[in-house]
Each structure stands twice: as C-alpha cells, then as structure tokens.
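Let me begin by presenting the structure, written as structure tokens, before commenting on it.
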Amino acid sequence: MPLTVSIAQGGTQADPIGSLPIVFTVTFSQAIAPLSFTTADITQSGTATGVTWSLSTSNNITFTLSATAVAGEGTLVPSIAAGAVQDTVGTSNSASTSTDGSVTYQIIPGTFSITGITGGSDVTANASLASGLVPTVNWNASANASSYDVRIYANDGTTVVCPTVNTTSTSYNFSSCTLSYSSTYKASVIAKRASGTTTNASNNLYSFTTVAPLTVAVAQGGSQADPAASLPVNFTVTFSRAIDPASFTTADITQSGTATGVTWSRTTIDNTNYTLSATAVTGEGTLVPSIAAGAVQDPSGNPNAASTSVDSSVTYQAPPGAFTISGVTGGSDSTADSSLASGLVPTINWVAATNANSYDVSVYANDGTTVVCATANTTSTSYNFSSCTLSSGITYKASVIAKRTSGGTTTATNSLYSFTTAAALTVVVAQGGSQVDPASTLPVVFTVTFSRAISAASFTTADITESGTATGVTWSLTTSNNITYTLSATAVTGEGTLVPSIAAGAVQDASSNPNSASTAVDGSVTYQAPPGAFAISGVTGGTDSTADSSLASGLVPTINWGASTNANSYDVRVYANNGTTVVCATANTTSTSYNFSSCTLSSGTTYKASVTAKRTSGGTTTATNNLYSFTTVAALTVAVSQGGSQADPATSLPIAFTVTFSRAISAASFTTADITQTGTATGITWSLSTSNNITYTLSATAVTGAGTLVPTIGAGAVQDASANPNTASTAVDGSVTYQTGSGLTIADVVAAQTATSHEGVIPDIRYEWQRYPMIIMQSPAKADIPSWFPYTKPNWCTLLNAWMQVFEAEGNTATNTRVEYRSLKIYVLSQSTRTWSLLKNDLKPVYTDTWKYPFDFDSDGGDRAEPSGGVSFKAKYPLFAHGYGGQLIIVPSDVRAVFVTMDTRLILDNASGTDDRASARYLVNVGADYWPDADAINNTWPYAPGAGQGRFILATPEWRKATMIIPNGRYGSSMQEMLNTYPPPMD
C-alpha cells in the first residue's frame, strides 16, 4: 500500500499566537517504522526562523509535532518530503499534504495593570478630581509593548466618555475631556505591538469616582429668636464636607442685610459645621450673611459653590435695658407680711428700664404659670391691681416685662418675684398632751396654739371664757414663743367640766391682725376631787421580792391595803414582773383585802400587785406603793442522773444514780417506794442514802433481768419541810443499760465472725477450724452441704442445734481456774417476716462431754454445776469440753440467718485457793449443726458437717459472750445486712 502523510494545525491551536509550543498533527496512512521518522525530516517552509521541533506518538500513525522554540516571528509551515519515512514493510512515503497546515507566530505584549487615576481611586471620591479638572490614567509598563490605547467609559463599561488615544507613555492626561461631579467611570488601557498583538491591563475597566461639589448653606441658629433683641445673633454655616479651616475666615462673610457695624465670629468642632455669630451690631436692621463662590476650599483645594440660604435672615432690635422688681406693697420675698391681708390688693413696684416704652405686669400663682391677676400694660414703674383680690396666707409670683415699640422686650432680672399674703390668725384649744380626763388632781392643763406669734400684751387670762360646768376656776398662762401657750386651771371650787375658749378679735398678732374664734380639739376636761392617799400593806403568802413558802404553787394571792378617804371602791389586779402583763384580771371590791380565788400563780415567780381607789364620780388614786412586788415559793424540782463514775452499759452491781432536789426535803417523805422503774430491766432492788436531804445516791443492788434502768419520781411523791410537793423528776443521762454479758455490739459480732484468727492459739493445731472462725453451710439447703461430706445429702436439713467448746490455750499457767458458761442461745431470722426468733435458751448445755485432742470422744461429763445456773469446765491439754444444746425442728426454707451466743467467764476451781485468773488462758467458742432429721443423727449421718463456728474468745473474770452469726447468702443476706438492717438481739 502507498504510504501517505498529511499535516494540519493541532485541534486547539490558536492562530495567530504569541506563545509556545505551536502544535501540528502529522497523520500517516499506516503505521511507520518509528526509527525512520525524526525532526530532521521536517522542512519549515514558512517565514518564522530558528524553529526547534519535537515529535511524540502513541501508535506510530498519528504524531504530535510541536514548535518548542522560535527565534523570529512569522509563519510556521512544516512539510515532509517524499521518501523521508518508511512503513514497517519498507514502503516510503509520498510528499506530505496540508490541511490548514500553517500557523502565524507573533510575540504579544506582557501583562500589566492600571496603577491609579490621578484625582480618583477605586469607587471612592477623591477631591483632586474636581469638576473642571480632567482625569490622568496611570499604568505600569508592559514588556514588548510598542504603544498603548487609552480610553474612559461611563460606569456601564461600554459608553465611551473620553475617546481612545494612543500613547507610548505609561500615563495619559485627558486634557480635552471634562468629567462630571460625583460620577463613577471606568478606565481602559490596552498594550500593543507593531506586529498587531495586544494585551489588556489585568484590571481593565478600572473604576474611579469624581469628587462631589463643595456646597455651603447658611441658616438661622437652631434656637435663634427672630427678631432678636440680644446678642450674639447666631447662624449655622454648613459645608457639604470638611474644609481647609485656614481658607475660611470672617472676611469671607458678606453682610447683605440692613443692619450695620456687624462684628462676626465663627467656631467649629469638625470643619464642616460652623456657628457664625454677630457679636456686635451698631445699627438695627436685618442680618443676612452669605459666602461667595470660590471663597473657601476643601483640603484638596476644591473651591465652594456660592452659599445657599435656609431662613438666613434675622432682624436685630436693641432691647430695653436691664431692671428689677423692687417690691410688692404688702409683701416680701417668700415671707408673710401682715400689711397685705386678705381683702387687700397687691401693688407691684419696679425700677425703670432704659429704652422701654411700656411694661406688662402680671401676678401668677406660686407655680409661676397660672395667671391670678391678668396682664396689665402701663408706662409707670408701679401698678396696683385694684380689681384683683388675693387670698390670705398664699404665695404668689409677680412678673414685669419692659417693652419697646419696635418689639424688643426685657424681663425683670428677678421676674416671678415671690411674695406671700398674711395668713388668718387662728387659735386652737386642746387638752394638754399628758392631761388625764377625767382629772382628780390640779392643775388641769390645756394647750392654746396660735397660727403665728401674737402680741403678748394682747392675750391675758381675761380673754378666757369658761363654758363648762365646773365653778370657781382660776386660770394661769405661760409661753416661751408667743405661739403656744399652756393654760392651767390652778384652782376649782366646784367639780364639773372645764371648757375654755377665746372669742374672735380678743387677741392680735404683731401687725394687729385679730384672731378668729378659737376652735377645740378635745378641749374639755372633767374635774373630780380624787380619793385620798393609801398604801398596799402586804400580800398574804408573799413578801417583797422574796420567796415565801406559804404562797406555794397551787395557792392564790390575797392583796391587802389601807383604806383611802373618799373611795367608793377599789380595782385590784396582779401583773407579771414586767408590771404590764396582767396575770390576775382586775377585780372590783369595796373591801380593803381581796383573795384571787380563781387565779393560780406559778411557783418561784415574782409578781406585782396593783390597787387603785375609785370614786363613783370617776376620780381615782393609785396606792403609793403600787406595783408591789412579791415572790411565790420556787417549785420543788428533782433531777435523776447517772452516778458520777457509773459505767454505761454496766455489767456489775450496784448501779448508781444521783437524785438531786432543788432544796432540802423532808427525809421521811422519800423512800425507795417512790422510785418508778421505766426501763426494760426487771427485778430491781433499790437503796437510798443522803447526807443533806438534797442530794441522794440511788443504787440498784440487785437486777434479775438485764436491760435499761430508768428510775423516775412522780409529781407529789416527795415534800419539802413546808409540805410543798415535788414536780415530776427530770433526767440528765438518767438511764443505764445493765448487761449480764460483755456489752457486745453487732459490729463486734460481725468483726469476730470475719476475723482471720482466734483470740488465742490452740496447742497442736490439726484442722482449719482451729485457726479461725468459719461458715460451712450458709443455709440448710442441699446445695450448701460440703462436697467433701460423704453421706446422703437431702434436699433440706430440718433440725438445728447449738454447740460449744472450751480449750486450754497456749501460754496458760493457771492451775486454780475454771471456765464457767451459761445461757447457750440460738436465734433464727425469718425469711418471710424478717424478724428474729429465740429458738432455744439453754441455761446450760443439754450435756457437756470430755473430748480428747485432736477430736475424739473421751468420756461423758466433766463439767461442774455453778450457782448462776450454768456449768464450768477445767480444760487441760489434750482434754477439752464439747457440749450441745437441744435439737430444734426448723422450717429450712424460712431461714435467712442464724445467731448463737453463750455467756462465759473465769472462776476459781477452789474458792479458797489462790486466784490465778490473771495468768489463765482458756478459749471458748460456739457453733451450730444442721441435721437432715432426728432419724439421721448417728445413723445415716455419723456426724454433721457443721453449719459453722464462731471465733474462739479468751475467757476473762468478767462475763463475755461467745458468738457465731451466719447470714444466708442464697437469700441475699450478708454481714452488712446484719450490721445495718437486721441486727440480732444482743441481750
């Protein structure tokens, strides 16, 4: 097959182009031998020079031909001559053909940007580009550019405002193109080469904004009066933006009004808003300030437009001169003046004001706004409001305004001048502040109060009118201020009412204003001659402030006093010691003694007796020693407390209490029969002893049943020497717990059961149980029978019994000591009721046998009966005691816990021998066994595996308790439950 080849522009190759590589596609008709085709086979027939070629292919049919370097601009026209290339079978190519196989290469200008517009910046106003100026567009140079096209568009970016110009510079000033104020434009710069290639500025259509015009408005100042009669006259000058302050002075102000000789001043805080003030004016007329165009510049030198006006004219008139109100006839500043009394009219007086043609005169209420006397106009300097009558005792305000015919006014410097009319002279008569009514003693006092100071000479007792029923009254008057008087009736011949009054016009003030008729506020007092003086002579059963046992609690007081002349009856009462709280309500009697049979007082308390003598007419006299103090006898109290060194809980007798009375008692009235035991201990024998009949030692010398001893003494059981009975006893730690054991707590029991060793060491230990306490069967269920136990395992064990052991411990040296034990008890906590039940209390084990170490039966018995009801055993290695309690039938599924206790102590083997208990060391413990049933004992079960055992404790001369406790973990019971929720009985 013939081998053909065609050359065309690359698929996306631009033409013309100013960048490399320039790509062509060379296509053979079939695969060629790759080694037969190199860049040396390319003939460049275009005008470009210094072309470097490269070739690439993926299939040896289509090749990419790239011009990677070009020295001179021009056309690139590659071709391949015939026979230059061979296919894989050696067929040579025909000369290449071309389909758009030419590309023009031109160098383009480099990238550049517009750097700014003289007089403008991106979308901001710049005062240097003002109306009348022209924009200068600036840019940085573009590599390879020979010239630049520059133009300015409107903000739409398409409408040409300044036509295109061509320049070789990097700046162009559009001197023939004037822009508008406050408008946004867009600048365009295009770099060009002579060959025709171009590059737009990277930020072409660069936005800039021309400056707004500098305007200025002149207006009256915000609070400026017009016409104005005072200086300064203020105007506001407002520029559209801050100006150069140096460019604006008062010389720039043109006064176009009729006023002459105007002196101006100006102030500003921001160079935009100015206050323009006319501080001096020679000739009256209008002030019309203005500012010519171009007079002022902003900081960039832009001149102002001519000022505009918004109410910028003020008419100036010189006002009347300053003046003052000199007074109000009949009044003075804020003070009462009696010459301006009610019914008179005010005359306002003032000094003349220069330039004034007339005056407006008014009288206002004290608020300064409500008109009382309507405005009057006068040319005088005084005005009498003859048609305006004021009220008495009221403050008013006078106003005077000086006026000019031209309209200028001046208000008096002290306008709203206060004055007060004289108040009416009133008088009130009332009982004196502490005057009793009715009164039985003299003087009888009244208070006479005038509304203001009076003329002292105008008021005497002759001005007093007595209009009551009392007769022969003598009056006296005293005062310290001529306003408030004390009026006293110092003598009265006949009983009755005293009602003093003062007629209108009887008294005058310092300005001779007469009083109005007196009024009364509780102005009447009834006078009655009082009963005579008397005294309380005593209180039966009491004396002043001392205890008297004859007035004991439960008795009632009898008050005694001497007779009072003129008295018709007496009011008697008893107060608490404060003298105000009534204890025995007031009783009325005609006797000179009163027994409060219905009023029982408290013991040991101070009271006060009161007696008041009364007349039928109402007069009263109180006993001269009223609130007479007396004290009832104190209660006979008794307190019971533990004896000073009494142990609590106690394990030995006697148990001592202290009984303390508040005072000595009758010894015969107090015996042990008066003691009530309210505790739980039983069978108590008491004894009493004392050295002073106040403090007693109460001793429990015998107690049958353990528990709490709480002795009390009932009220009335004991009497003092005057037969006053005691109150019920109180207790201060008045209880003692008596324990026949050691006073063990459940915490002790749990600690013992969970201990890791016994209190002493058993000689020649062979078994684990000889080392520490343990639980073997937590319940009587089959699942809890040990796996090592070789005999039949029933579903439940239905029998339970307690057992005990006594061992000699290592270190024992005693030879005359035995271990006594008693009260072997076994308790069960019910699963269903959660209560403990005592299943068995063996005063002594059912039997005790002698066993031989390590654990072999030796012989029956070996114990000794003791007076306590228990038994004792003398252990000597290798022999020890092992005893059992009675066997009990249980409901095995209802067992939540088992608790075993036994009391034990050391006693002498021979009571007449040496007491060597201090060197004795014997160990005692208790435990329990579960059995299937009675038939199994020693038959199907030769022995029991044991429910568990408690800790071996060391016996002491004092009673101690050996314990064992087993909570049933299958039911969720635990030692913590024993401690906190279901502690077993400990007695």
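Residues are named by chain letter and number: chains run A, B, ... in the order of the structure tokens, numbers start at 1 in each chain, and ligands are numbered from 1 in the order shown.
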
Could you give me, as an MDAnalysis selection string, the residues within 7 Å of A:Gly562, counting only C-alpha atoms and dropping anything in the same chain fewer than 5 positions from it? chainID A and resid 534:537 592

Quick check for you: according to DSSP on this backbone, which residues of stretch 737-894 of chain A are classed as helix (DSSP H, G or I)? Reply as JSON, numbers by chain. {"A": [746, 747, 748, 749, 750, 751, 752, 753, 768, 769, 770, 782, 783, 784, 892, 893, 894]}

Could you pull the residues within 10 Å of stretch 745-756 of chain A, counting only C-alpha atoms, minus those fewer than 4 positions along the same chain, as a PyMOL selection string? chain A and resi 771-775+899+901+948-953+961-966+975-976+978-980+982-987

Leaving out A:Ala918 and any residue of its chain fewer than 4 positions from it, which residues lie within 12 Å of it when counting only C-alpha atoms, given as a PyMOL selection string? chain A and resi 811-817+906-908+914+922+954-958

Could you pull out the strand (DSSP E or B) residues of stretch 407-552 of chain A, going by DSSP on the backbone, and write them as a count of residues only? 68

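Distances here use only C-alpha atoms; by that measure, the residue among A:Cys599, A:Ile765, A:Ala292, A:Ala911 closest to A:Ala306 is A:Ala292.
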
Which residues are close to stretch 489-500 of chain A, i.e. within 8 Å by only C-alpha atoms, leaving aside same-chain residues fewer than 6 positions away? Reply as a count of residues only. 25

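When atom CA of A:Ala212 is paired with atom CA of A:Ala242, their separation reads 12.2 Å.
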
Need the shell around stretch 400-403 of chain A: protein/DNA/RNA residues with any atom at most 6 Å away, counting only C-alpha atoms. Skip same-chain ones fewer than 3 positions apart. Format as a PDB file with N, CA and C atoms, in the first residue's frame?
ATOM      1  N   ALA A 356     -37.235 101.501  77.387  1.00  0.00           N
ATOM      2  CA  ALA A 356     -38.573 100.922  77.484  1.00  0.00           C
ATOM      3  C   ALA A 356     -39.627 101.961  77.161  1.00  0.00           C
ATOM      4  N   ASN A 357     -40.642 101.567  76.387  1.00  0.00           N
ATOM      5  CA  ASN A 357     -41.780 102.444  76.100  1.00  0.00           C
ATOM      6  C   ASN A 357     -42.965 102.137  76.999  1.00  0.00           C
ATOM      7  N   SER A 358     -43.056 100.823  77.470  1.00  0.00           N
ATOM      8  CA  SER A 358     -44.153 100.425  78.363  1.00  0.00           C
ATOM      9  C   SER A 358     -43.758  99.123  79.067  1.00  0.00           C
ATOM     10  N   TYR A 359     -44.657  98.671  80.008  1.00  0.00           N
ATOM     11  CA  TYR A 359     -44.387  97.462  80.798  1.00  0.00           C
ATOM     12  C   TYR A 359     -45.638  96.602  80.874  1.00  0.00           C
ATOM     13  N   ASP A 360     -45.469  95.277  80.747  1.00  0.00           N
ATOM     14  CA  ASP A 360     -46.545  94.319  81.005  1.00  0.00           C
ATOM     15  C   ASP A 360     -46.355  93.778  82.411  1.00  0.00           C
ATOM     16  N   VAL A 361     -47.421  93.848  83.255  1.00  0.00           N
ATOM     17  CA  VAL A 361     -47.357  93.433  84.659  1.00  0.00           C
ATOM     18  C   VAL A 361     -48.392  92.336  84.897  1.00  0.00           C
ATOM     19  N   GLY A 408     -38.795  94.881  70.861  1.00  0.00           N
ATOM     20  CA  GLY A 408     -37.833  94.319  71.803  1.00  0.00           C
ATOM     21  C   GLY A 408     -38.374  94.314  73.226  1.00  0.00           C
ATOM     22  N   THR A 409     -38.072  93.257  73.969  1.00  0.00           N
ATOM     23  CA  THR A 409     -38.547  93.146  75.358  1.00  0.00           C
ATOM     24  C   THR A 409     -37.404  92.708  76.269  1.00  0.00           C
ATOM     25  N   THR A 410     -37.547  93.121  77.551  1.00  0.00           N
ATOM     26  CA  THR A 410     -36.607  92.673  78.590  1.00  0.00           C
ATOM     27  C   THR A 410     -37.413  92.340  79.834  1.00  0.00           C
ATOM     28  N   THR A 411     -37.218  91.097  80.346  1.00  0.00           N
ATOM     29  CA  THR A 411     -37.914  90.677  81.573  1.00  0.00           C
ATOM     30  C   THR A 411     -37.096  91.096  82.779  1.00  0.00           C
ATOM     31  N   ALA A 412     -37.792  91.525  83.830  1.00  0.00           N
ATOM     32  CA  ALA A 412     -37.098  91.916  85.064  1.00  0.00           C
ATOM     33  C   ALA A 412     -36.146  90.791  85.496  1.00  0.00           C
TER      34      ALA A 412
END

At a cut-off of 8 Å, using only C-alpha atoms, what residues contact A:Thr354? Leave out same-chain residues fewer than 5 positions from it and give the result as a PDB file with all heavy atoms, in the first residue's frame.
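The new file around.pdb reads:
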ATOM      1  N   PRO A 320     -34.918  96.765  75.619  1.00  0.00           N
ATOM      2  CA  PRO A 320     -34.879  97.669  76.783  1.00  0.00           C
ATOM      3  C   PRO A 320     -33.752  97.224  77.718  1.00  0.00           C
ATOM      4  O   PRO A 320     -33.348  96.058  77.734  1.00  0.00           O
ATOM      5  CB  PRO A 320     -36.249  97.460  77.438  1.00  0.00           C
ATOM      6  CG  PRO A 320     -37.117  96.951  76.336  1.00  0.00           C
ATOM      7  CD  PRO A 320     -36.217  96.122  75.474  1.00  0.00           C
ATOM      8  N   GLY A 321     -33.274  98.155  78.553  1.00  0.00           N
ATOM      9  CA  GLY A 321     -32.192  97.843  79.478  1.00  0.00           C
ATOM     10  C   GLY A 321     -32.652  96.949  80.629  1.00  0.00           C
ATOM     11  O   GLY A 321     -33.848  96.802  80.899  1.00  0.00           O
ATOM     12  N   ALA A 322     -31.680  96.397  81.328  1.00  0.00           N
ATOM     13  CA  ALA A 322     -31.978  95.537  82.482  1.00  0.00           C
ATOM     14  C   ALA A 322     -32.595  96.342  83.610  1.00  0.00           C
ATOM     15  O   ALA A 322     -32.246  97.521  83.806  1.00  0.00           O
ATOM     16  CB  ALA A 322     -30.703  94.853  82.959  1.00  0.00           C
TER      17      ALA A 322
END

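Separating atom CA of A:Val871 from atom CA of A:Leu709 is a distance of 28.3 Å.
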
Per residue of stretch 214-253 of chain A within 9 Å of stretch 268-291 of chain A, note the shortest atom pair and the distance in Å to one decimal, counting only C-alpha atoms, and order the rows by chain and increasing residue number, as a Markdown table.
| residue | atom | partner | partner_atom | distance |
| --- | --- | --- | --- | --- |
| A:Val216 | CA | A:Ile291 | CA | 8.0 |
| A:Ala217 | CA | A:Ser290 | CA | 8.6 |
| A:Val218 | CA | A:Ser290 | CA | 6.8 |
| A:Ala219 | CA | A:Pro289 | CA | 9.0 |
| A:Gly221 | CA | A:Thr275 | CA | 7.6 |
| A:Pro227 | CA | A:Thr286 | CA | 8.7 |
| A:Leu231 | CA | A:Thr279 | CA | 5.9 |
| A:Pro232 | CA | A:Thr279 | CA | 4.6 |
| A:Val233 | CA | A:Ala278 | CA | 5.0 |
| A:Asn234 | CA | A:Ser277 | CA | 4.5 |
| A:Phe235 | CA | A:Leu276 | CA | 5.0 |
| A:Thr236 | CA | A:Thr275 | CA | 4.9 |
| A:Val237 | CA | A:Tyr274 | CA | 5.0 |
| A:Thr238 | CA | A:Asn273 | CA | 4.7 |
| A:Phe239 | CA | A:Thr272 | CA | 5.1 |
| A:Ser240 | CA | A:Thr272 | CA | 7.0 |
| A:Arg241 | CA | A:Thr272 | CA | 5.6 |
| A:Ala242 | CA | A:Thr272 | CA | 4.4 |
| A:Ile243 | CA | A:Asn271 | CA | 5.6 |
| A:Asp244 | CA | A:Asn271 | CA | 7.3 |
| A:Pro245 | CA | A:Asn271 | CA | 6.2 |
| A:Thr250 | CA | A:Leu276 | CA | 8.6 |
| A:Asp252 | CA | A:Ile291 | CA | 6.0 |
| A:Ile253 | CA | A:Ile291 | CA | 5.4 |

Would you put the residues from that selection into a file with N, CA and C atoms, as an mmCIF file, in the first residue's frame?
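Output (out-v1.cif):
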data_model
loop_
_atom_site.group_PDB
_atom_site.id
_atom_site.type_symbol
_atom_site.label_atom_id
_atom_site.label_comp_id
_atom_site.auth_asym_id
_atom_site.auth_seq_id
_atom_site.Cartn_x
_atom_site.Cartn_y
_atom_site.Cartn_z
ATOM 1 N N VAL A 216 -22.330 74.969 50.414
ATOM 2 C CA VAL A 216 -22.423 75.582 51.739
ATOM 3 C C VAL A 216 -23.793 76.232 51.883
ATOM 4 N N ALA A 217 -24.423 75.987 53.062
ATOM 5 C CA ALA A 217 -25.742 76.552 53.345
ATOM 6 C C ALA A 217 -25.655 77.385 54.605
ATOM 7 N N VAL A 218 -26.331 78.560 54.595
ATOM 8 C CA VAL A 218 -26.367 79.456 55.757
ATOM 9 C C VAL A 218 -27.806 79.522 56.242
ATOM 10 N N ALA A 219 -28.000 79.308 57.592
ATOM 11 C CA ALA A 219 -29.353 79.346 58.174
ATOM 12 C C ALA A 219 -29.288 79.981 59.552
ATOM 13 N N GLY A 221 -29.433 80.139 63.529
ATOM 14 C CA GLY A 221 -29.088 79.141 64.535
ATOM 15 C C GLY A 221 -30.345 78.456 65.059
ATOM 16 N N PRO A 227 -37.641 88.455 65.458
ATOM 17 C CA PRO A 227 -36.494 89.362 65.602
ATOM 18 C C PRO A 227 -35.737 89.120 66.907
ATOM 19 N N LEU A 231 -27.662 90.016 71.809
ATOM 20 C CA LEU A 231 -26.518 89.467 71.099
ATOM 21 C C LEU A 231 -25.906 88.339 71.910
ATOM 22 N N PRO A 232 -25.193 87.388 71.299
ATOM 23 C CA PRO A 232 -24.983 87.317 69.842
ATOM 24 C C PRO A 232 -26.224 86.848 69.098
ATOM 25 N N VAL A 233 -26.231 87.149 67.782
ATOM 26 C CA VAL A 233 -27.221 86.596 66.867
ATOM 27 C C VAL A 233 -26.506 85.474 66.108
ATOM 28 N N ASN A 234 -27.048 84.256 66.194
ATOM 29 C CA ASN A 234 -26.326 83.078 65.695
ATOM 30 C C ASN A 234 -26.902 82.550 64.392
ATOM 31 N N PHE A 235 -25.981 82.156 63.508
ATOM 32 C CA PHE A 235 -26.320 81.478 62.258
ATOM 33 C C PHE A 235 -25.533 80.166 62.216
ATOM 34 N N THR A 236 -26.023 79.244 61.417
ATOM 35 C CA THR A 236 -25.329 77.980 61.192
ATOM 36 C C THR A 236 -24.844 77.945 59.758
ATOM 37 N N VAL A 237 -23.525 77.706 59.583
ATOM 38 C CA VAL A 237 -22.929 77.578 58.246
ATOM 39 C C VAL A 237 -22.534 76.107 58.081
ATOM 40 N N THR A 238 -23.119 75.436 57.091
ATOM 41 C CA THR A 238 -22.904 74.002 56.919
ATOM 42 C C THR A 238 -22.314 73.715 55.545
ATOM 43 N N PHE A 239 -21.061 73.176 55.513
ATOM 44 C CA PHE A 239 -20.413 72.759 54.265
ATOM 45 C C PHE A 239 -20.779 71.306 53.987
ATOM 46 N N SER A 240 -20.696 70.928 52.714
ATOM 47 C CA SER A 240 -21.066 69.561 52.344
ATOM 48 C C SER A 240 -20.017 68.552 52.778
ATOM 49 N N ARG A 241 -18.782 69.016 53.093
ATOM 50 C CA ARG A 241 -17.739 68.165 53.657
ATOM 51 C C ARG A 241 -16.746 69.056 54.367
ATOM 52 N N ALA A 242 -15.850 68.451 55.102
ATOM 53 C CA ALA A 242 -14.861 69.219 55.856
ATOM 54 C C ALA A 242 -14.038 70.087 54.911
ATOM 55 N N ILE A 243 -13.757 71.312 55.383
ATOM 56 C CA ILE A 243 -12.987 72.258 54.579
ATOM 57 C C ILE A 243 -11.621 72.449 55.187
ATOM 58 N N ASP A 244 -10.782 73.192 54.434
ATOM 59 C CA ASP A 244 -9.493 73.628 54.978
ATOM 60 C C ASP A 244 -9.798 74.816 55.881
ATOM 61 N N PRO A 245 -9.653 74.669 57.238
ATOM 62 C CA PRO A 245 -10.079 75.763 58.128
ATOM 63 C C PRO A 245 -9.342 77.063 57.861
ATOM 64 N N THR A 250 -13.741 85.218 58.875
ATOM 65 C CA THR A 250 -14.922 86.112 58.871
ATOM 66 C C THR A 250 -14.856 87.095 57.708
ATOM 67 N N ASP A 252 -14.601 86.257 54.785
ATOM 68 C CA ASP A 252 -15.349 85.637 53.680
ATOM 69 C C ASP A 252 -16.856 85.847 53.817
ATOM 70 N N ILE A 253 -17.302 86.480 54.917
ATOM 71 C CA ILE A 253 -18.736 86.710 55.141
ATOM 72 C C ILE A 253 -19.149 88.025 54.494
#
